[in-house]
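Have a look at target33.pdb; it's PDB, N, CA and C atoms:
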```pdb
ATOM      1  N   MET A 105      19.949 -13.348 -22.306
ATOM      2  CA  MET A 105      18.834 -14.220 -22.033
ATOM      3  C   MET A 105      17.742 -13.402 -21.357
ATOM      4  N   SER A 106      16.542 -13.506 -21.854
ATOM      5  CA  SER A 106      15.404 -12.758 -21.334
ATOM      6  C   SER A 106      14.683 -13.573 -20.260
ATOM      7  N   LYS A 107      14.292 -12.904 -19.211
ATOM      8  CA  LYS A 107      13.539 -13.538 -18.120
ATOM      9  C   LYS A 107      12.241 -12.771 -17.922
ATOM     10  N   THR A 108      11.245 -13.437 -17.411
ATOM     11  CA  THR A 108       9.975 -12.783 -17.097
ATOM     12  C   THR A 108       9.611 -13.079 -15.651
ATOM     13  N   ILE A 109       8.743 -12.254 -15.113
ATOM     14  CA  ILE A 109       8.227 -12.473 -13.772
ATOM     15  C   ILE A 109       6.725 -12.188 -13.815
ATOM     16  N   HIS A 110       5.979 -12.933 -13.074
ATOM     17  CA  HIS A 110       4.540 -12.734 -13.034
ATOM     18  C   HIS A 110       4.217 -11.468 -12.239
ATOM     19  N   VAL A 111       3.288 -10.687 -12.772
ATOM     20  CA  VAL A 111       2.867  -9.446 -12.115
ATOM     21  C   VAL A 111       2.376  -9.742 -10.695
ATOM     22  N   GLU A 112       1.693 -10.848 -10.510
ATOM     23  CA  GLU A 112       1.172 -11.198  -9.184
ATOM     24  C   GLU A 112       2.300 -11.368  -8.161
ATOM     25  N   LYS A 113       3.449 -11.890  -8.579
ATOM     26  CA  LYS A 113       4.580 -12.040  -7.660
ATOM     27  C   LYS A 113       5.126 -10.678  -7.244
ATOM     28  N   VAL A 114       5.198  -9.745  -8.188
ATOM     29  CA  VAL A 114       5.645  -8.390  -7.866
ATOM     30  C   VAL A 114       4.643  -7.743  -6.915
ATOM     31  N   LEU A 115       3.361  -7.887  -7.208
ATOM     32  CA  LEU A 115       2.307  -7.346  -6.360
ATOM     33  C   LEU A 115       2.428  -7.879  -4.930
ATOM     34  N   ASP A 116       2.575  -9.192  -4.784
ATOM     35  CA  ASP A 116       2.686  -9.793  -3.456
ATOM     36  C   ASP A 116       3.912  -9.271  -2.715
ATOM     37  N   TYR A 117       5.045  -9.168  -3.409
ATOM     38  CA  TYR A 117       6.283  -8.689  -2.795
ATOM     39  C   TYR A 117       6.131  -7.247  -2.306
ATOM     40  N   VAL A 118       5.622  -6.382  -3.179
ATOM     41  CA  VAL A 118       5.483  -4.970  -2.810
ATOM     42  C   VAL A 118       4.440  -4.806  -1.704
ATOM     43  N   ASN A 119       3.313  -5.482  -1.797
ATOM     44  CA  ASN A 119       2.305  -5.391  -0.735
ATOM     45  C   ASN A 119       2.892  -5.802   0.614
ATOM     46  N   ASP A 120       3.693  -6.868   0.620
ATOM     47  CA  ASP A 120       4.325  -7.303   1.863
ATOM     48  C   ASP A 120       5.275  -6.229   2.392
ATOM     49  N   MET A 121       6.062  -5.634   1.515
ATOM     50  CA  MET A 121       6.999  -4.584   1.938
ATOM     51  C   MET A 121       6.256  -3.345   2.439
ATOM     52  N   LEU A 122       5.170  -2.971   1.792
ATOM     53  CA  LEU A 122       4.414  -1.797   2.225
ATOM     54  C   LEU A 122       3.780  -2.022   3.596
ATOM     55  N   ALA A 123       3.466  -3.266   3.908
ATOM     56  CA  ALA A 123       2.843  -3.575   5.197
ATOM     57  C   ALA A 123       3.863  -3.792   6.308
ATOM     58  N   THR A 124       5.000  -4.430   5.998
ATOM     59  CA  THR A 124       5.902  -4.871   7.066
ATOM     60  C   THR A 124       7.209  -4.104   7.177
ATOM     61  N   SER A 125       7.606  -3.407   6.148
ATOM     62  CA  SER A 125       8.901  -2.728   6.152
ATOM     63  C   SER A 125       8.923  -1.568   7.148
ATOM     64  N   THR A 126      10.047  -1.407   7.808
ATOM     65  CA  THR A 126      10.231  -0.260   8.700
ATOM     66  C   THR A 126      11.217   0.731   8.087
ATOM     67  N   CYS A 127      11.448   0.622   6.787
ATOM     68  CA  CYS A 127      12.308   1.578   6.091
ATOM     69  C   CYS A 127      11.620   2.944   6.027
ATOM     70  N   VAL A 128      12.327   3.938   5.568
ATOM     71  CA  VAL A 128      11.757   5.282   5.478
ATOM     72  C   VAL A 128      10.657   5.312   4.411
ATOM     73  N   PRO A 129       9.663   6.160   4.591
ATOM     74  CA  PRO A 129       8.558   6.234   3.622
ATOM     75  C   PRO A 129       9.014   6.502   2.187
ATOM     76  N   ASP A 130      10.116   7.219   1.985
ATOM     77  CA  ASP A 130      10.588   7.474   0.621
ATOM     78  C   ASP A 130      10.864   6.183  -0.137
ATOM     79  N   VAL A 131      11.384   5.170   0.543
ATOM     80  CA  VAL A 131      11.637   3.884  -0.097
ATOM     81  C   VAL A 131      10.314   3.245  -0.511
ATOM     82  N   ARG A 132       9.331   3.287   0.384
ATOM     83  CA  ARG A 132       8.018   2.720   0.053
ATOM     84  C   ARG A 132       7.354   3.502  -1.082
ATOM     85  N   HIS A 133       7.559   4.818  -1.137
ATOM     86  CA  HIS A 133       7.024   5.610  -2.258
ATOM     87  C   HIS A 133       7.598   5.111  -3.580
ATOM     88  N   GLY A 134       8.879   4.786  -3.592
ATOM     89  CA  GLY A 134       9.505   4.244  -4.804
ATOM     90  C   GLY A 134       8.875   2.929  -5.218
ATOM     91  N   MET A 135       8.626   2.066  -4.243
ATOM     92  CA  MET A 135       7.967   0.783  -4.528
ATOM     93  C   MET A 135       6.578   1.012  -5.112
ATOM     94  N   ILE A 136       5.861   1.982  -4.545
ATOM     95  CA  ILE A 136       4.513   2.303  -5.011
ATOM     96  C   ILE A 136       4.552   2.772  -6.466
ATOM     97  N   LEU A 137       5.505   3.627  -6.803
ATOM     98  CA  LEU A 137       5.608   4.134  -8.175
ATOM     99  C   LEU A 137       5.864   3.007  -9.163
ATOM    100  N   VAL A 138       6.790   2.107  -8.840
ATOM    101  CA  VAL A 138       7.107   1.001  -9.740
ATOM    102  C   VAL A 138       5.914   0.060  -9.873
ATOM    103  N   LEU A 139       5.313  -0.323  -8.759
ATOM    104  CA  LEU A 139       4.163  -1.234  -8.817
ATOM    105  C   LEU A 139       2.999  -0.617  -9.573
ATOM    106  N   SER A 140       2.718   0.632  -9.312
ATOM    107  CA  SER A 140       1.618   1.309  -9.998
ATOM    108  C   SER A 140       1.845   1.320 -11.508
ATOM    109  N   GLU A 141       3.068   1.597 -11.917
ATOM    110  CA  GLU A 141       3.403   1.608 -13.353
ATOM    111  C   GLU A 141       3.204   0.221 -13.959
ATOM    112  N   ILE A 142       3.679  -0.809 -13.282
ATOM    113  CA  ILE A 142       3.522  -2.177 -13.786
ATOM    114  C   ILE A 142       2.042  -2.541 -13.903
ATOM    115  N   LEU A 143       1.272  -2.240 -12.863
ATOM    116  CA  LEU A 143      -0.150  -2.583 -12.894
ATOM    117  C   LEU A 143      -0.890  -1.832 -13.994
ATOM    118  N   HIS A 144      -0.579  -0.553 -14.189
ATOM    119  CA  HIS A 144      -1.227   0.216 -15.258
ATOM    120  C   HIS A 144      -0.819  -0.300 -16.636
ATOM    121  N   LYS A 145       0.476  -0.539 -16.843
ATOM    122  CA  LYS A 145       0.958  -0.981 -18.165
ATOM    123  C   LYS A 145       0.420  -2.351 -18.552
ATOM    124  N   THR A 146       0.114  -3.184 -17.563
ATOM    125  CA  THR A 146      -0.414  -4.520 -17.852
ATOM    126  C   THR A 146      -1.934  -4.577 -17.723
ATOM    127  N   ASP A 147      -2.562  -3.416 -17.575
ATOM    128  CA  ASP A 147      -4.017  -3.305 -17.444
ATOM    129  C   ASP A 147      -4.546  -4.119 -16.259
ATOM    130  N   ASN A 148      -3.807  -4.065 -15.154
ATOM    131  CA  ASN A 148      -4.199  -4.794 -13.949
ATOM    132  C   ASN A 148      -4.512  -3.882 -12.775
ATOM    133  N   TYR A 149      -4.425  -2.574 -12.945
ATOM    134  CA  TYR A 149      -4.637  -1.656 -11.825
ATOM    135  C   TYR A 149      -6.119  -1.584 -11.456
ATOM    136  N   VAL A 150      -6.411  -1.849 -10.175
ATOM    137  CA  VAL A 150      -7.781  -1.730  -9.675
ATOM    138  C   VAL A 150      -7.843  -0.866  -8.411
ATOM    139  N   GLY A 151      -6.720  -0.284  -8.021
ATOM    140  CA  GLY A 151      -6.707   0.595  -6.867
ATOM    141  C   GLY A 151      -6.020  -0.027  -5.667
ATOM    142  N   PHE A 152      -6.164   0.674  -4.531
ATOM    143  CA  PHE A 152      -5.539   0.223  -3.293
ATOM    144  C   PHE A 152      -6.412   0.632  -2.124
ATOM    145  N   ARG A 153      -6.071   0.105  -0.965
ATOM    146  CA  ARG A 153      -6.703   0.533   0.277
ATOM    147  C   ARG A 153      -5.583   0.846   1.264
ATOM    148  N   TYR A 154      -5.878   1.744   2.199
ATOM    149  CA  TYR A 154      -4.908   2.064   3.237
ATOM    150  C   TYR A 154      -4.947   1.005   4.331
ATOM    151  N   LEU A 155      -3.770   0.696   4.890
ATOM    152  CA  LEU A 155      -3.667  -0.273   5.979
ATOM    153  C   LEU A 155      -4.012   0.379   7.313
ATOM    154  N   LEU A 156      -4.608  -0.402   8.184
ATOM    155  CA  LEU A 156      -5.038   0.069   9.506
ATOM    156  C   LEU A 156      -3.971  -0.203  10.561
ATOM    157  N   ASP A 157      -4.191   0.294  11.767
ATOM    158  CA  ASP A 157      -3.238   0.136  12.867
ATOM    159  C   ASP A 157      -2.731  -1.295  13.039
ATOM    160  N   GLY A 158      -3.598  -2.267  13.076
ATOM    161  CA  GLY A 158      -3.201  -3.640  13.323
ATOM    162  C   GLY A 158      -2.534  -4.331  12.155
ATOM    163  N   GLU A 159      -2.407  -3.642  11.023
ATOM    164  CA  GLU A 159      -1.833  -4.255   9.825
ATOM    165  C   GLU A 159      -0.416  -3.783   9.532
ATOM    166  N   VAL A 160       0.151  -2.970  10.397
ATOM    167  CA  VAL A 160       1.525  -2.474  10.231
ATOM    168  C   VAL A 160       2.317  -2.844  11.482
ATOM    169  N   PRO A 161       3.653  -2.841  11.386
ATOM    170  CA  PRO A 161       4.459  -3.203  12.554
ATOM    171  C   PRO A 161       4.170  -2.298  13.753
ATOM    172  N   GLU A 162       4.261  -2.875  14.929
ATOM    173  CA  GLU A 162       4.040  -2.115  16.153
ATOM    174  C   GLU A 162       4.973  -0.906  16.191
ATOM    175  N   GLY A 163       4.417   0.233  16.554
ATOM    176  CA  GLY A 163       5.196   1.471  16.617
ATOM    177  C   GLY A 163       5.244   2.236  15.306
ATOM    178  N   GLN A 164       4.698   1.656  14.237
ATOM    179  CA  GLN A 164       4.663   2.313  12.935
ATOM    180  C   GLN A 164       3.292   2.935  12.712
ATOM    181  N   GLU A 165       3.247   4.002  11.954
ATOM    182  CA  GLU A 165       1.980   4.674  11.652
ATOM    183  C   GLU A 165       1.209   3.895  10.590
ATOM    184  N   PRO A 166      -0.120   3.826  10.722
ATOM    185  CA  PRO A 166      -0.937   3.171   9.700
ATOM    186  C   PRO A 166      -1.157   4.101   8.510
ATOM    187  N   GLY A 167      -1.766   3.552   7.468
ATOM    188  CA  GLY A 167      -2.107   4.367   6.308
ATOM    189  C   GLY A 167      -3.298   5.266   6.560
ATOM    190  N   ILE A 168      -4.206   4.808   7.403
ATOM    191  CA  ILE A 168      -5.400   5.591   7.714
ATOM    192  C   ILE A 168      -5.800   5.324   9.156
ATOM    193  N   ARG A 169      -6.339   6.336   9.775
ATOM    194  CA  ARG A 169      -6.861   6.208  11.141
ATOM    195  C   ARG A 169      -8.220   6.881  11.163
ATOM    196  N   TRP A 170      -9.220   6.138  11.600
ATOM    197  CA  TRP A 170     -10.578   6.660  11.691
ATOM    198  C   TRP A 170     -10.806   7.221  13.079
ATOM    199  N   SER A 171     -11.555   8.311  13.193
ATOM    200  CA  SER A 171     -11.874   8.864  14.506
ATOM    201  C   SER A 171     -12.751   7.882  15.260
ATOM    202  N   ASP A 172     -12.487   7.710  16.527
ATOM    203  CA  ASP A 172     -13.231   6.790  17.388
ATOM    204  C   ASP A 172     -13.198   5.350  16.884
ATOM    205  N   GLY A 173     -12.210   5.032  16.014
ATOM    206  CA  GLY A 173     -12.090   3.675  15.501
ATOM    207  C   GLY A 173     -13.179   3.252  14.552
ATOM    208  N   GLU A 174     -14.053   4.165  14.176
ATOM    209  CA  GLU A 174     -15.182   3.839  13.301
ATOM    210  C   GLU A 174     -14.997   4.453  11.928
ATOM    211  N   ARG A 175     -15.316   3.703  10.912
ATOM    212  CA  ARG A 175     -15.266   4.226   9.553
ATOM    213  C   ARG A 175     -16.485   5.102   9.324
ATOM    214  N   THR A 176     -16.254   6.285   8.796
ATOM    215  CA  THR A 176     -17.347   7.210   8.501
ATOM    216  C   THR A 176     -17.155   7.773   7.102
ATOM    217  N   ASP A 177     -18.127   8.488   6.618
ATOM    218  CA  ASP A 177     -18.028   9.083   5.294
ATOM    219  C   ASP A 177     -17.460  10.500   5.334
ATOM    220  N   GLY A 178     -17.365  11.094   6.500
ATOM    221  CA  GLY A 178     -16.890  12.470   6.602
ATOM    222  C   GLY A 178     -15.388  12.596   6.464
ATOM    223  N   TYR A 179     -14.929  13.499   5.603
ATOM    224  CA  TYR A 179     -13.496  13.684   5.367
ATOM    225  C   TYR A 179     -12.771  14.040   6.654
ATOM    226  N   ARG A 180     -13.371  14.838   7.501
ATOM    227  CA  ARG A 180     -12.713  15.283   8.737
ATOM    228  C   ARG A 180     -12.639  14.179   9.789
ATOM    229  N   ASP A 181     -13.293  13.057   9.548
ATOM    230  CA  ASP A 181     -13.320  11.975  10.523
ATOM    231  C   ASP A 181     -12.185  10.977  10.331
ATOM    232  N   ARG A 182     -11.224  11.291   9.478
ATOM    233  CA  ARG A 182     -10.103  10.380   9.251
ATOM    234  C   ARG A 182      -8.825  11.172   9.010
ATOM    235  N   GLU A 183      -7.703  10.504   9.244
ATOM    236  CA  GLU A 183      -6.407  11.108   8.954
ATOM    237  C   GLU A 183      -5.529  10.055   8.297
ATOM    238  N   TYR A 184      -4.514  10.505   7.595
ATOM    239  CA  TYR A 184      -3.623   9.623   6.846
ATOM    240  C   TYR A 184      -2.191   9.797   7.368
ATOM    241  N   PRO A 185      -1.846   9.122   8.483
ATOM    242  CA  PRO A 185      -0.524   9.314   9.086
ATOM    243  C   PRO A 185       0.635   8.918   8.171
ATOM    244  N   ASP A 186       0.501   7.820   7.412
ATOM    245  CA  ASP A 186       1.569   7.375   6.506
ATOM    246  C   ASP A 186       0.921   6.835   5.242
ATOM    247  N   ASP A 187       0.870   7.660   4.221
ATOM    248  CA  ASP A 187       0.141   7.258   3.006
ATOM    249  C   ASP A 187       0.856   6.181   2.195
ATOM    250  N   THR A 188       2.028   5.723   2.645
ATOM    251  CA  THR A 188       2.690   4.612   1.958
ATOM    252  C   THR A 188       2.249   3.255   2.490
ATOM    253  N   ARG A 189       1.472   3.263   3.558
ATOM    254  CA  ARG A 189       0.981   1.997   4.116
ATOM    255  C   ARG A 189      -0.295   1.628   3.371
ATOM    256  N   ARG A 190      -0.115   0.857   2.296
ATOM    257  CA  ARG A 190      -1.193   0.513   1.377
ATOM    258  C   ARG A 190      -1.175  -0.958   1.033
ATOM    259  N   GLN A 191      -2.292  -1.424   0.487
ATOM    260  CA  GLN A 191      -2.365  -2.745  -0.093
ATOM    261  C   GLN A 191      -3.038  -2.608  -1.448
ATOM    262  N   TYR A 192      -2.352  -3.079  -2.483
ATOM    263  CA  TYR A 192      -2.863  -3.006  -3.845
ATOM    264  C   TYR A 192      -3.534  -4.316  -4.227
ATOM    265  N   GLY A 193      -4.485  -4.206  -5.143
ATOM    266  CA  GLY A 193      -5.124  -5.366  -5.728
ATOM    267  C   GLY A 193      -4.857  -5.371  -7.222
ATOM    268  N   MET A 194      -5.306  -6.415  -7.892
ATOM    269  CA  MET A 194      -5.169  -6.456  -9.346
ATOM    270  C   MET A 194      -6.294  -7.280  -9.948
ATOM    271  N   ARG A 195      -6.489  -7.101 -11.235
ATOM    272  CA  ARG A 195      -7.520  -7.859 -11.966
ATOM    273  C   ARG A 195      -7.176  -9.320 -12.002
TER     274      ARG A 195
END
```

Before we go any further, please render this structure as structure tokens.
Amino acid sequence: MSKTIHVEKVLDYVNDMLATSTCVPDVRHGMILVLSEILHKTDNYVGFRYLLDGEVPEGQEPGIRWSDGERTDGYRDREYPDDTRRQYGMR
């Protein structure tokens, strides 16, 4: 028997795990690979944004940290402590 799942449900599940999970980053990398493949294959990929300090569990590294808390255009003005802390969107 064949079953289907809506891409949006997978997106919501993975986005929640990328934001709230305290598992090792390798697990989140796996989630990112699967979600990215699904979004590309269904022509729904529109990119992602990195999560900030207040969007991840306390004590966990964010996806991006801006110098002085301000967003700037300079590459040297930001760092990426945990690049698995992301939020994806879709068409």

(message) List as a list in words the protein and nucleic acid residues near Arg190 of chain A, meaning an atom at most 6 Å away when only C-alpha atoms are counted, but skip any in the same chain fewer than 5 places from it.
(response) Arg153, Tyr154 and Leu155 of chain A

In chain A, what's strand (DSSP E) per DSSP? Answer as an mmCIF file with N, CA and C atoms, in the coordinates of the input?
```
data_model
loop_
_atom_site.group_PDB
_atom_site.id
_atom_site.type_symbol
_atom_site.label_atom_id
_atom_site.label_comp_id
_atom_site.auth_asym_id
_atom_site.auth_seq_id
_atom_site.Cartn_x
_atom_site.Cartn_y
_atom_site.Cartn_z
ATOM 1 N N TYR A 149 -4.425 -2.574 -12.945
ATOM 2 C CA TYR A 149 -4.637 -1.656 -11.825
ATOM 3 C C TYR A 149 -6.119 -1.584 -11.456
ATOM 4 N N VAL A 150 -6.411 -1.849 -10.175
ATOM 5 C CA VAL A 150 -7.781 -1.730 -9.675
ATOM 6 C C VAL A 150 -7.843 -0.866 -8.411
ATOM 7 N N GLY A 151 -6.720 -0.284 -8.021
ATOM 8 C CA GLY A 151 -6.707 0.595 -6.867
ATOM 9 C C GLY A 151 -6.020 -0.027 -5.667
ATOM 10 N N PHE A 152 -6.164 0.674 -4.531
ATOM 11 C CA PHE A 152 -5.539 0.223 -3.293
ATOM 12 C C PHE A 152 -6.412 0.632 -2.124
ATOM 13 N N ARG A 153 -6.071 0.105 -0.965
ATOM 14 C CA ARG A 153 -6.703 0.533 0.277
ATOM 15 C C ARG A 153 -5.583 0.846 1.264
ATOM 16 N N TYR A 154 -5.878 1.744 2.199
ATOM 17 C CA TYR A 154 -4.908 2.064 3.237
ATOM 18 C C TYR A 154 -4.947 1.005 4.331
ATOM 19 N N ARG A 169 -6.339 6.336 9.775
ATOM 20 C CA ARG A 169 -6.861 6.208 11.141
ATOM 21 C C ARG A 169 -8.220 6.881 11.163
ATOM 22 N N TRP A 170 -9.220 6.138 11.600
ATOM 23 C CA TRP A 170 -10.578 6.660 11.691
ATOM 24 C C TRP A 170 -10.806 7.221 13.079
ATOM 25 N N ARG A 182 -11.224 11.291 9.478
ATOM 26 C CA ARG A 182 -10.103 10.380 9.251
ATOM 27 C C ARG A 182 -8.825 11.172 9.010
ATOM 28 N N GLU A 183 -7.703 10.504 9.244
ATOM 29 C CA GLU A 183 -6.407 11.108 8.954
ATOM 30 C C GLU A 183 -5.529 10.055 8.297
ATOM 31 N N ARG A 190 -0.115 0.857 2.296
ATOM 32 C CA ARG A 190 -1.193 0.513 1.377
ATOM 33 C C ARG A 190 -1.175 -0.958 1.033
ATOM 34 N N GLN A 191 -2.292 -1.424 0.487
ATOM 35 C CA GLN A 191 -2.365 -2.745 -0.093
ATOM 36 C C GLN A 191 -3.038 -2.608 -1.448
ATOM 37 N N TYR A 192 -2.352 -3.079 -2.483
ATOM 38 C CA TYR A 192 -2.863 -3.006 -3.845
ATOM 39 C C TYR A 192 -3.534 -4.316 -4.227
ATOM 40 N N GLY A 193 -4.485 -4.206 -5.143
ATOM 41 C CA GLY A 193 -5.124 -5.366 -5.728
ATOM 42 C C GLY A 193 -4.857 -5.371 -7.222
ATOM 43 N N MET A 194 -5.306 -6.415 -7.892
ATOM 44 C CA MET A 194 -5.169 -6.456 -9.346
ATOM 45 C C MET A 194 -6.294 -7.280 -9.948
#
```

(message) Residues near Asp157 of chain A, anyone? I mean within 9 Å using only C-alpha atoms, not counting same-chain ones fewer than 2 positions away, as a VMD selection string.
(response) chain A and resid 155 159 to 162 164 to 169

(message) When you look at segment 136-147 of chain A with a cut-off of 8 Å (counting only C-alpha atoms), what residues show up, excluding the ones that are within fewer than 2 positions of it in the same chain? I need them as a ChimeraX atom specification.
(response) /A:111,114-115,118,132-134,149,188,194-195

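The space separating atom CA of Asn148 of chain A from atom CA of Glu112 of chain A comes to 9.6 Å.
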
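Going from atom CA of Asp186 of chain A over to atom CA of Pro129 of chain A, you cover 7.6 Å.
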
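Distance-wise, atom CA of Val150 of chain A and atom CA of Ser106 of chain A end up 28.2 Å apart.
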
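For the set A:Trp170, A:Tyr184, A:Tyr192, A:Phe152, the residue with the smallest atom-to-atom gap to Asp120 of chain A is A:Tyr192, counting only C-alpha atoms.
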
(request) Enumerate as an MDAnalysis selection string all residues of segment 107-171 of chain A assigned to helix (DSSP H, G or I) by DSSP on the backbone, naming them with the chain letters and numbers the document uses. (result) chainID A and resid 111:124 129:145 157:159 171
